[in-house]
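Engineer: So here's entry-v8.cif, just mmCIF, C-alpha atoms and all ligand atoms:
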```
data_run
#
loop_
_atom_site.group_PDB
_atom_site.id
_atom_site.type_symbol
_atom_site.label_atom_id
_atom_site.label_comp_id
_atom_site.auth_asym_id
_atom_site.auth_seq_id
_atom_site.Cartn_x
_atom_site.Cartn_y
_atom_site.Cartn_z
ATOM 1 C CA MET X 117 210.450 41.017 70.601
ATOM 2 C CA ASP X 118 208.334 37.991 71.467
ATOM 3 C CA LEU X 119 205.594 37.624 74.035
ATOM 4 C CA ARG X 120 204.371 34.674 76.025
ATOM 5 C CA VAL X 121 201.262 34.683 78.194
ATOM 6 C CA GLU X 122 200.780 31.676 80.446
ATOM 7 C CA GLY X 123 197.707 30.800 82.474
ATOM 8 C CA LEU X 124 196.599 34.399 82.897
ATOM 9 C CA ASN X 125 193.704 35.064 85.284
ATOM 10 C CA VAL X 126 192.583 38.635 85.902
ATOM 11 C CA SER X 127 189.753 39.853 88.123
ATOM 12 C CA TYR X 128 188.221 43.195 88.995
ATOM 13 C CA ASP X 129 187.375 42.884 92.679
ATOM 14 C CA GLU X 130 185.840 39.414 92.824
ATOM 15 C CA LYS X 131 184.613 39.371 89.235
ATOM 16 C CA ARG X 132 186.685 37.063 87.016
ATOM 17 C CA ILE X 133 187.417 38.778 83.730
ATOM 18 C CA LEU X 134 190.206 36.811 82.036
ATOM 19 C CA LYS X 135 190.143 33.055 82.458
ATOM 20 C CA ASP X 136 193.280 31.016 82.049
ATOM 21 C CA ILE X 137 194.598 32.718 78.914
ATOM 22 C CA SER X 138 197.751 31.302 77.286
ATOM 23 C CA PHE X 139 199.334 32.188 73.945
ATOM 24 C CA ASN X 140 202.570 33.085 72.163
ATOM 25 C CA VAL X 141 203.330 35.987 69.848
ATOM 26 C CA GLU X 142 206.449 35.550 67.724
ATOM 27 C CA SER X 143 208.824 38.402 67.103
ATOM 28 C CA GLY X 144 207.789 40.484 64.070
ATOM 29 C CA GLU X 145 204.185 39.275 63.985
ATOM 30 C CA VAL X 146 200.995 41.315 63.844
ATOM 31 C CA VAL X 147 198.402 39.732 66.123
ATOM 32 C CA THR X 148 194.897 41.163 66.385
ATOM 33 C CA ILE X 149 192.512 40.457 69.227
ATOM 34 C CA ILE X 150 188.823 40.447 68.364
ATOM 35 C CA GLY X 151 185.777 39.731 70.485
ATOM 36 C CA PRO X 152 182.419 41.186 71.516
ATOM 37 C CA ASN X 153 182.191 44.261 73.769
ATOM 38 C CA GLY X 154 183.098 43.558 77.367
ATOM 39 C CA SER X 155 184.826 40.269 76.558
ATOM 40 C CA GLY X 156 188.122 41.322 78.156
ATOM 41 C CA LYS X 157 190.241 42.608 75.256
ATOM 42 C CA SER X 158 191.288 45.866 76.924
ATOM 43 C CA THR X 159 191.887 43.985 80.164
ATOM 44 C CA LEU X 160 194.312 41.719 78.304
ATOM 45 C CA ILE X 161 196.159 44.693 76.791
ATOM 46 C CA LYS X 162 196.351 46.346 80.218
ATOM 47 C CA SER X 163 197.695 43.177 81.795
ATOM 48 C CA ILE X 164 200.439 42.809 79.179
ATOM 49 C CA SER X 165 201.401 46.452 79.666
ATOM 50 C CA ARG X 166 201.520 45.776 83.430
ATOM 51 C CA TYR X 167 198.850 48.364 84.117
ATOM 52 C CA LEU X 168 196.809 45.622 85.829
ATOM 53 C CA LYS X 169 198.128 42.983 88.165
ATOM 54 C CA PRO X 170 196.877 39.477 87.374
ATOM 55 C CA LYS X 171 195.444 37.148 90.043
ATOM 56 C CA SER X 172 197.670 34.431 88.651
ATOM 57 C CA GLY X 173 199.669 33.569 85.558
ATOM 58 C CA ASP X 174 202.818 34.860 83.942
ATOM 59 C CA ILE X 175 203.745 37.192 81.107
ATOM 60 C CA TYR X 176 207.135 37.027 79.420
ATOM 61 C CA LEU X 177 208.773 39.538 77.069
ATOM 62 C CA ASN X 178 211.688 37.960 75.215
ATOM 63 C CA LYS X 179 211.498 35.043 77.690
ATOM 64 C CA VAL X 180 211.877 37.296 80.754
ATOM 65 C CA ASN X 181 209.023 37.507 83.253
ATOM 66 C CA ILE X 182 207.723 41.103 83.197
ATOM 67 C CA ASN X 183 207.676 41.133 86.990
ATOM 68 C CA ARG X 184 211.453 40.942 86.853
ATOM 69 C CA ILE X 185 211.859 43.893 84.454
ATOM 70 C CA ASN X 186 211.794 47.412 85.879
ATOM 71 C CA THR X 187 209.172 49.845 84.654
ATOM 72 C CA LYS X 188 211.590 52.028 82.725
ATOM 73 C CA GLU X 189 213.078 49.048 80.953
ATOM 74 C CA ILE X 190 209.589 47.869 79.962
ATOM 75 C CA ALA X 191 208.717 51.326 78.649
ATOM 76 C CA LYS X 192 211.841 51.286 76.490
ATOM 77 C CA ASN X 193 210.665 48.146 74.742
ATOM 78 C CA LEU X 194 206.909 48.222 74.912
ATOM 79 C CA ALA X 195 204.742 51.124 73.763
ATOM 80 C CA VAL X 196 201.037 51.192 74.512
ATOM 81 C CA LEU X 197 198.251 53.118 72.853
ATOM 82 C CA PRO X 198 195.328 52.797 75.272
ATOM 83 C CA GLN X 199 191.690 52.807 74.197
ATOM 84 C CA VAL X 200 190.889 55.906 76.223
ATOM 85 C CA LYS X 201 193.410 58.700 75.922
ATOM 86 C CA ALA X 202 193.510 61.963 77.825
ATOM 87 C CA VAL X 203 195.429 64.918 76.500
ATOM 88 C CA SER X 204 195.760 68.360 78.000
ATOM 89 C CA SER X 205 194.511 70.937 75.581
ATOM 90 C CA ASP X 206 197.536 73.190 75.346
ATOM 91 C CA ILE X 207 200.289 70.933 74.096
ATOM 92 C CA SER X 208 201.734 70.782 70.622
ATOM 93 C CA ILE X 209 202.244 67.663 68.543
ATOM 94 C CA GLU X 210 205.972 67.902 69.144
ATOM 95 C CA GLU X 211 205.516 68.043 72.919
ATOM 96 C CA LEU X 212 203.186 65.062 72.881
ATOM 97 C CA VAL X 213 205.662 63.085 70.804
ATOM 98 C CA SER X 214 208.519 64.091 73.129
ATOM 99 C CA TYR X 215 206.764 62.243 75.990
ATOM 100 C CA GLY X 216 207.774 59.081 74.196
ATOM 101 C CA ARG X 217 211.393 59.816 75.103
ATOM 102 C CA PHE X 218 210.788 59.977 78.851
ATOM 103 C CA PRO X 219 211.659 56.328 79.542
ATOM 104 C CA HIS X 220 214.985 56.877 77.825
ATOM 105 C CA LEU X 221 216.058 59.980 79.768
ATOM 106 C CA LYS X 222 218.580 59.578 82.530
ATOM 107 C CA PHE X 223 217.329 60.766 85.880
ATOM 108 C CA GLY X 224 217.229 64.568 85.990
ATOM 109 C CA LYS X 225 218.664 64.837 82.486
ATOM 110 C CA ARG X 226 217.182 66.902 79.681
ATOM 111 C CA MET X 227 216.642 65.794 76.110
ATOM 112 C CA SER X 228 219.869 65.015 74.294
ATOM 113 C CA LYS X 229 220.597 65.642 70.645
ATOM 114 C CA GLU X 230 219.787 61.996 70.004
ATOM 115 C CA ASP X 231 216.407 62.301 71.741
ATOM 116 C CA LYS X 232 215.578 65.276 69.545
ATOM 117 C CA GLU X 233 216.602 63.351 66.449
ATOM 118 C CA VAL X 234 214.334 60.464 67.410
ATOM 119 C CA ILE X 235 211.422 62.874 67.914
ATOM 120 C CA ALA X 236 212.050 64.392 64.479
ATOM 121 C CA TRP X 237 212.215 60.893 63.014
ATOM 122 C CA ALA X 238 208.902 59.874 64.621
ATOM 123 C CA LEU X 239 207.259 63.068 63.309
ATOM 124 C CA GLU X 240 208.675 62.379 59.868
ATOM 125 C CA LYS X 241 207.564 58.716 59.829
ATOM 126 C CA THR X 242 204.003 59.713 60.652
ATOM 127 C CA GLY X 243 203.904 62.647 58.240
ATOM 128 C CA LEU X 244 203.529 65.212 61.019
ATOM 129 C CA PHE X 245 206.832 67.038 60.841
ATOM 130 C CA LYS X 246 205.520 70.069 58.962
ATOM 131 C CA MET X 247 202.719 70.563 61.494
ATOM 132 C CA LYS X 248 204.655 69.723 64.657
ATOM 133 C CA ASP X 249 203.824 73.057 66.313
ATOM 134 C CA ARG X 250 200.056 72.630 65.951
ATOM 135 C CA TYR X 251 198.111 72.076 69.142
ATOM 136 C CA VAL X 252 196.831 68.548 69.510
ATOM 137 C CA VAL X 253 193.269 69.760 70.160
ATOM 138 C CA THR X 254 193.125 71.404 66.739
ATOM 139 C CA LEU X 255 193.850 68.161 64.880
ATOM 140 C CA SER X 256 191.433 65.968 62.963
ATOM 141 C CA GLY X 257 190.768 62.487 64.343
ATOM 142 C CA GLY X 258 193.221 60.882 61.937
ATOM 143 C CA GLU X 259 195.955 63.419 62.604
ATOM 144 C CA ARG X 260 195.475 63.058 66.342
ATOM 145 C CA GLN X 261 195.741 59.303 66.087
ATOM 146 C CA ARG X 262 198.934 59.711 64.093
ATOM 147 C CA ALA X 263 200.297 62.035 66.776
ATOM 148 C CA TRP X 264 199.697 59.347 69.408
ATOM 149 C CA ILE X 265 201.343 56.739 67.229
ATOM 150 C CA ALA X 266 204.268 59.139 66.710
ATOM 151 C CA MET X 267 204.595 59.344 70.495
ATOM 152 C CA THR X 268 204.744 55.569 70.793
ATOM 153 C CA LEU X 269 207.294 55.502 67.956
ATOM 154 C CA ALA X 270 209.501 58.016 69.745
ATOM 155 C CA GLN X 271 209.741 55.386 72.441
ATOM 156 C CA LYS X 272 211.580 53.270 69.848
ATOM 157 C CA PRO X 273 209.675 50.231 71.038
ATOM 158 C CA LYS X 274 210.214 46.660 69.960
ATOM 159 C CA MET X 275 206.559 45.890 70.602
ATOM 160 C CA LEU X 276 203.471 47.999 70.102
ATOM 161 C CA LEU X 277 200.158 47.397 71.898
ATOM 162 C CA LEU X 278 197.241 49.231 70.282
ATOM 163 C CA ASP X 279 193.768 49.153 71.755
ATOM 164 C CA GLU X 280 191.217 49.958 69.052
ATOM 165 C CA PRO X 281 193.448 52.447 67.218
ATOM 166 C CA THR X 282 190.802 53.136 64.567
ATOM 167 C CA THR X 283 187.733 53.793 66.705
ATOM 168 C CA PHE X 284 185.944 57.061 65.878
ATOM 169 C CA LEU X 285 187.982 57.521 62.697
ATOM 170 C CA ASP X 286 186.522 57.925 59.215
ATOM 171 C CA ILE X 287 187.190 54.950 56.966
ATOM 172 C CA CYS X 288 190.000 56.797 55.181
ATOM 173 C CA TYR X 289 191.814 57.479 58.471
ATOM 174 C CA GLN X 290 191.153 53.913 59.602
ATOM 175 C CA MET X 291 192.978 52.668 56.517
ATOM 176 C CA GLU X 292 195.701 55.259 56.962
ATOM 177 C CA THR X 293 196.300 54.161 60.544
ATOM 178 C CA LEU X 294 196.356 50.462 59.721
ATOM 179 C CA GLU X 295 198.584 50.985 56.680
ATOM 180 C CA MET X 296 200.986 52.918 58.899
ATOM 181 C CA VAL X 297 201.015 50.145 61.480
ATOM 182 C CA LYS X 298 201.786 47.682 58.684
ATOM 183 C CA VAL X 299 204.664 49.806 57.391
ATOM 184 C CA LEU X 300 206.116 50.153 60.895
ATOM 185 C CA ASN X 301 205.848 46.416 61.380
ATOM 186 C CA LYS X 302 207.463 45.617 58.028
ATOM 187 C CA THR X 303 210.195 48.247 57.947
ATOM 188 C CA LEU X 304 211.132 48.423 61.620
ATOM 189 C CA GLY X 305 210.247 44.879 62.606
ATOM 190 C CA ILE X 306 208.058 46.051 65.477
ATOM 191 C CA THR X 307 205.860 43.277 66.863
ATOM 192 C CA VAL X 308 202.248 44.464 67.015
ATOM 193 C CA VAL X 309 199.451 43.255 69.277
ATOM 194 C CA MET X 310 196.251 45.216 68.707
ATOM 195 C CA VAL X 311 192.539 45.152 69.337
ATOM 196 C CA LEU X 312 190.309 45.888 66.355
ATOM 197 C CA HIS X 313 186.562 46.097 66.182
ATOM 198 C CA ASP X 314 186.281 45.406 62.483
ATOM 199 C CA ILE X 315 186.810 41.715 61.778
ATOM 200 C CA ASN X 316 187.400 42.228 58.050
ATOM 201 C CA GLN X 317 190.142 44.775 58.785
ATOM 202 C CA ALA X 318 191.617 42.414 61.356
ATOM 203 C CA ALA X 319 191.733 39.636 58.757
ATOM 204 C CA ARG X 320 193.400 41.919 56.252
ATOM 205 C CA TYR X 321 196.101 43.391 58.462
ATOM 206 C CA SER X 322 197.046 40.499 60.757
ATOM 207 C CA ASP X 323 199.337 37.510 60.630
ATOM 208 C CA LYS X 324 197.234 35.955 63.359
ATOM 209 C CA MET X 325 193.902 36.627 64.999
ATOM 210 C CA MET X 326 192.829 35.841 68.534
ATOM 211 C CA VAL X 327 189.206 35.545 69.563
ATOM 212 C CA ILE X 328 188.329 36.408 73.146
ATOM 213 C CA ASN X 329 184.805 35.713 74.356
ATOM 214 C CA ASP X 330 183.629 36.135 77.917
ATOM 215 C CA GLY X 331 187.219 36.217 79.152
ATOM 216 C CA GLU X 332 188.239 33.016 77.406
ATOM 217 C CA LEU X 333 190.591 32.562 74.496
ATOM 218 C CA ARG X 334 188.376 30.766 72.017
ATOM 219 C CA GLU X 335 190.450 30.708 68.821
ATOM 220 C CA TYR X 336 193.949 31.661 67.775
ATOM 221 C CA GLY X 337 195.421 31.274 64.304
ATOM 222 C CA GLU X 338 195.806 32.694 60.815
ATOM 223 C CA PRO X 339 192.897 34.763 59.502
ATOM 224 C CA CYS X 340 191.857 32.066 57.012
ATOM 225 C CA GLU X 341 191.518 29.614 59.904
ATOM 226 C CA ILE X 342 189.684 32.053 62.159
ATOM 227 C CA VAL X 343 187.128 33.823 59.988
ATOM 228 C CA SER X 344 184.458 31.161 59.618
ATOM 229 C CA LYS X 345 180.673 30.947 59.498
ATOM 230 C CA ASP X 346 180.634 29.131 62.840
ATOM 231 C CA LEU X 347 182.768 31.727 64.605
ATOM 232 C CA LEU X 348 180.636 34.589 63.327
ATOM 233 C CA LYS X 349 177.487 32.807 64.372
ATOM 234 C CA ASP X 350 178.641 31.503 67.753
ATOM 235 C CA ILE X 351 180.590 34.497 69.010
ATOM 236 C CA PHE X 352 179.298 37.496 67.091
ATOM 237 C CA LYS X 353 175.733 36.266 66.562
ATOM 238 C CA ILE X 354 175.588 36.986 62.856
ATOM 239 C CA ASP X 355 174.906 34.872 59.799
ATOM 240 C CA ALA X 356 177.455 35.634 57.137
ATOM 241 C CA ASP X 357 178.992 34.335 53.943
ATOM 242 C CA ILE X 358 182.784 34.084 53.765
ATOM 243 C CA TYR X 359 184.684 35.108 50.630
ATOM 244 C CA GLU X 360 188.305 35.373 49.613
ATOM 245 C CA ASP X 361 189.850 38.785 49.002
ATOM 246 C CA LYS X 362 192.261 37.863 46.205
ATOM 247 C CA VAL X 363 193.897 41.291 46.139
ATOM 248 C CA ASN X 364 194.913 41.305 49.792
ATOM 249 C CA ASN X 365 195.019 37.540 50.114
ATOM 250 C CA CYS X 366 192.739 37.268 53.113
ATOM 251 C CA PRO X 367 189.199 36.192 53.958
ATOM 252 C CA TYR X 368 186.315 38.631 54.342
ATOM 253 C CA PHE X 369 182.689 38.209 55.191
ATOM 254 C CA ILE X 370 179.407 39.796 54.255
ATOM 255 C CA PRO X 371 176.673 39.559 56.886
ATOM 256 C CA LYS X 372 173.232 38.396 55.903
ATOM 257 C CA LYS X 373 170.080 39.922 57.284
ATOM 258 C CA ASN X 374 170.306 39.705 61.071
ATOM 259 C CA ASN X 375 167.993 37.125 62.538
ATOM 260 C CA GLY X 376 169.862 36.724 65.791
ATOM 261 C CA THR X 377 169.086 38.385 69.090
ATOM 262 C CA ALA X 378 170.394 41.868 68.299
ATOM 263 C CA GLY X 379 167.605 44.151 67.216
ATOM 264 C CA LYS X 380 165.029 41.396 67.670
ATOM 265 C CA GLY X 381 161.525 42.733 67.803
ATOM 266 C CA LEU X 382 162.221 45.807 65.680
ATOM 267 C CA ASN X 383 160.017 44.493 62.880
ATOM 268 C CA ASP X 384 157.465 42.712 65.022
HETATM 269 N N1 LIG M 401 187.927 49.087 86.264
HETATM 270 C C1 LIG M 401 186.984 48.133 86.193
HETATM 271 N N2 LIG M 401 186.328 47.706 87.293
HETATM 272 C C2 LIG M 401 185.402 46.724 87.220
HETATM 273 N N3 LIG M 401 185.066 46.088 86.075
HETATM 274 C C3 LIG M 401 185.691 46.455 84.943
HETATM 275 C C4 LIG M 401 186.674 47.494 84.935
HETATM 276 N N4 LIG M 401 187.132 47.648 83.661
HETATM 277 C C5 LIG M 401 186.449 46.739 82.917
HETATM 278 N N5 LIG M 401 185.596 46.034 83.677
HETATM 279 C C6 LIG M 401 184.696 44.948 83.217
HETATM 280 O O1 LIG M 401 185.511 43.899 82.702
HETATM 281 C C7 LIG M 401 184.909 43.324 81.557
HETATM 282 C C8 LIG M 401 185.899 43.359 80.394
HETATM 283 O O2 LIG M 401 186.140 44.716 80.038
HETATM 284 P P1 LIG M 401 187.139 45.129 78.878
HETATM 285 O O3 LIG M 401 188.416 44.393 79.053
HETATM 286 O O4 LIG M 401 187.197 46.618 78.856
HETATM 287 O O5 LIG M 401 186.354 44.557 77.599
HETATM 288 P P2 LIG M 401 186.558 44.870 76.053
HETATM 289 O O6 LIG M 401 187.787 45.699 75.885
HETATM 290 O O7 LIG M 401 186.659 43.513 75.411
HETATM 291 O O8 LIG M 401 185.310 45.572 75.595
HETATM 292 C C9 LIG M 401 183.626 44.083 81.324
HETATM 293 O O9 LIG M 401 182.589 43.334 81.894
HETATM 294 C C10 LIG M 401 183.832 45.387 82.047
HETATM 295 O O10 LIG M 401 182.599 45.899 82.503
HETATM 296 MG MG MG M 402 188.133 47.575 75.084
#
```
Can the structure from this file be put into structure tokens for me?
Ligand SMILES: Nc1ncnc2c1ncn2[C@@H]1O[C@H](COP(=O)(O)OP(=O)(O)O)[C@@H](O)[C@H]1O
Ligand SMILES: [Mg+2]
Structural biologist:
Amino acid sequence: MDLRVEGLNVSYDEKRILKDISFNVESGEVVTIIGPNGSGKSTLIKSISRYLKPKSGDIYLNKVNINRINTKEIAKNLAVLPQVKAVSSDISIEELVSYGRFPHLKFGKRMSKEDKEVIAWALEKTGLFKMKDRYVVTLSGGERQRAWIAMTLAQKPKMLLLDEPTTFLDICYQMETLEMVKVLNKTLGITVVMVLHDINQAARYSDKMMVINDGELREYGEPCEIVSKDLLKDIFKIDADIYEDKVNNCPYFIPKKNNGTAGKGLND
């Protein structure tokens, strides 16, 4: 499924947050949004998922304006993993994952055999089948994140929006989550648009990277075009050297000692 965003402006009350954002995501791509805190990344994800109404601009899924697609139809195609997730304490993994089927149920109808098969498939794909009866609150961070991804998978989406899916996870679960996203993208052809905090991970796992700063789209392109000394200095306020990761075929950077504004005065 492809995505087109055209001239998007989003405000909270009178405060302009997103300023004239336009871009395309091709079907089957992994696109990662990076940018400093408060730059508007989550706002962009929320706008695409139609959780926020833009002041102006248009968003198209497979060339159709999302305002002309009904909510259930959107939910059948687009799954969203928000940055902040609430879960009631007394549900099992299987129940959580079953929520993913809701957009597919006919009004007043219960789960069909097919729905149950999809839930089992999503549990299997995320390695949770054996523990499907465990309560979500008892899970480790990585397992919980997998349970949420299983729920989005049960939606059988064509596009996945993930807002900082690795935050609060140990490095091993961060890798596990990103590897899983990659497998889902490659084997199921799901288009992925995600926000990541870690620029090196973004460079490693993305076909394209998008840089948002202060509500503006500053750069958009392949990781090797995006990860540059100038970008890191101008947007992220760090001096860094750029290297090539020959194993994963992507750029990575190593920051030098910070002499920018962050932490200034600590050694004075
Ligand atoms: N519900 C809200 N009401 C008012 N301002 C908000 C709201 N949500 C976010 N903002 C503001 O919008 C800006 C962008 O926020 P956000 O999209 O969450 O940034 P990011 O995800 O890049 O950290 C920030 O200045 C934030 O304070
Ligand atoms: Mg955010």
Engineer: Expand the PyMOL selection byres (((not hetatm)) within 9 of (chain M and resi 402)) into the individual residues it matches in the shown file, reporting them as a PyMOL selection string.
Structural biologist: chain X and resi 153-159+161+198-200+279-280+311
Engineer: Find the residues with any atom within 9 Å of (209.2, 50.7, 68.8); use all atoms listed in the file and the coordinates as given in the file, and write the answer as a JSON list (two decimals) with C-alpha atoms, in the frame of the given file.
Structural biologist:
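Written file, point.json:
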```
[["chain", "number", "residue", "atom", "x", "y", "z"],
["X", 192, "LYS", "CA", 211.84, 51.29, 76.49],
["X", 193, "ASN", "CA", 210.66, 48.15, 74.74],
["X", 194, "LEU", "CA", 206.91, 48.22, 74.91],
["X", 195, "ALA", "CA", 204.74, 51.12, 73.76],
["X", 268, "THR", "CA", 204.74, 55.57, 70.79],
["X", 269, "LEU", "CA", 207.29, 55.50, 67.96],
["X", 270, "ALA", "CA", 209.50, 58.02, 69.74],
["X", 271, "GLN", "CA", 209.74, 55.39, 72.44],
["X", 272, "LYS", "CA", 211.58, 53.27, 69.85],
["X", 273, "PRO", "CA", 209.68, 50.23, 71.04],
["X", 274, "LYS", "CA", 210.21, 46.66, 69.96],
["X", 275, "MET", "CA", 206.56, 45.89, 70.60],
["X", 276, "LEU", "CA", 203.47, 48.00, 70.10],
["X", 300, "LEU", "CA", 206.12, 50.15, 60.90],
["X", 304, "LEU", "CA", 211.13, 48.42, 61.62],
["X", 305, "GLY", "CA", 210.25, 44.88, 62.61],
["X", 306, "ILE", "CA", 208.06, 46.05, 65.48],
["X", 307, "THR", "CA", 205.86, 43.28, 66.86]]
```
Engineer: Please determine, counting all atoms listed in the file, which residue among X:Asn178, X:Asp323, X:Ser256, X:Ile315 has the shortest atom-to-atom distance to Phe284 in chain X.
Structural biologist: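 Checking each of X:Asn178, X:Asp323, X:Ser256, X:Ile315 against Phe284 in chain X, counting all atoms listed in the file, the winner is X:Ser256.
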Engineer: Please, what distance in Å, to one decimal, runs between CA of Lys298 in chain X and CA of Ala263 in chain X?
Structural biologist: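 Result for CA of Lys298 in chain X versus CA of Ala263 in chain X: 16.5 Å, one decimal.
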Engineer: Could you list the residues chosen by the PyMOL selection byres (((chain X and resi 262) around 12) and not hetatm) in this structure as a PyMOL selection string?
Structural biologist: chain X and resi 197+209-210+212-213+238-245+247-248+252+255-261+263-269+281-282+285+289-297
Engineer: Using the chain letters and numbering of this document, enumerate as a ChimeraX atom specification the residues selected by the PyMOL selection byres (((chain X and resi 343) around 9) and not hetatm).
Structural biologist: /X:315-316,319,325,338-342,344-348,358,367-369
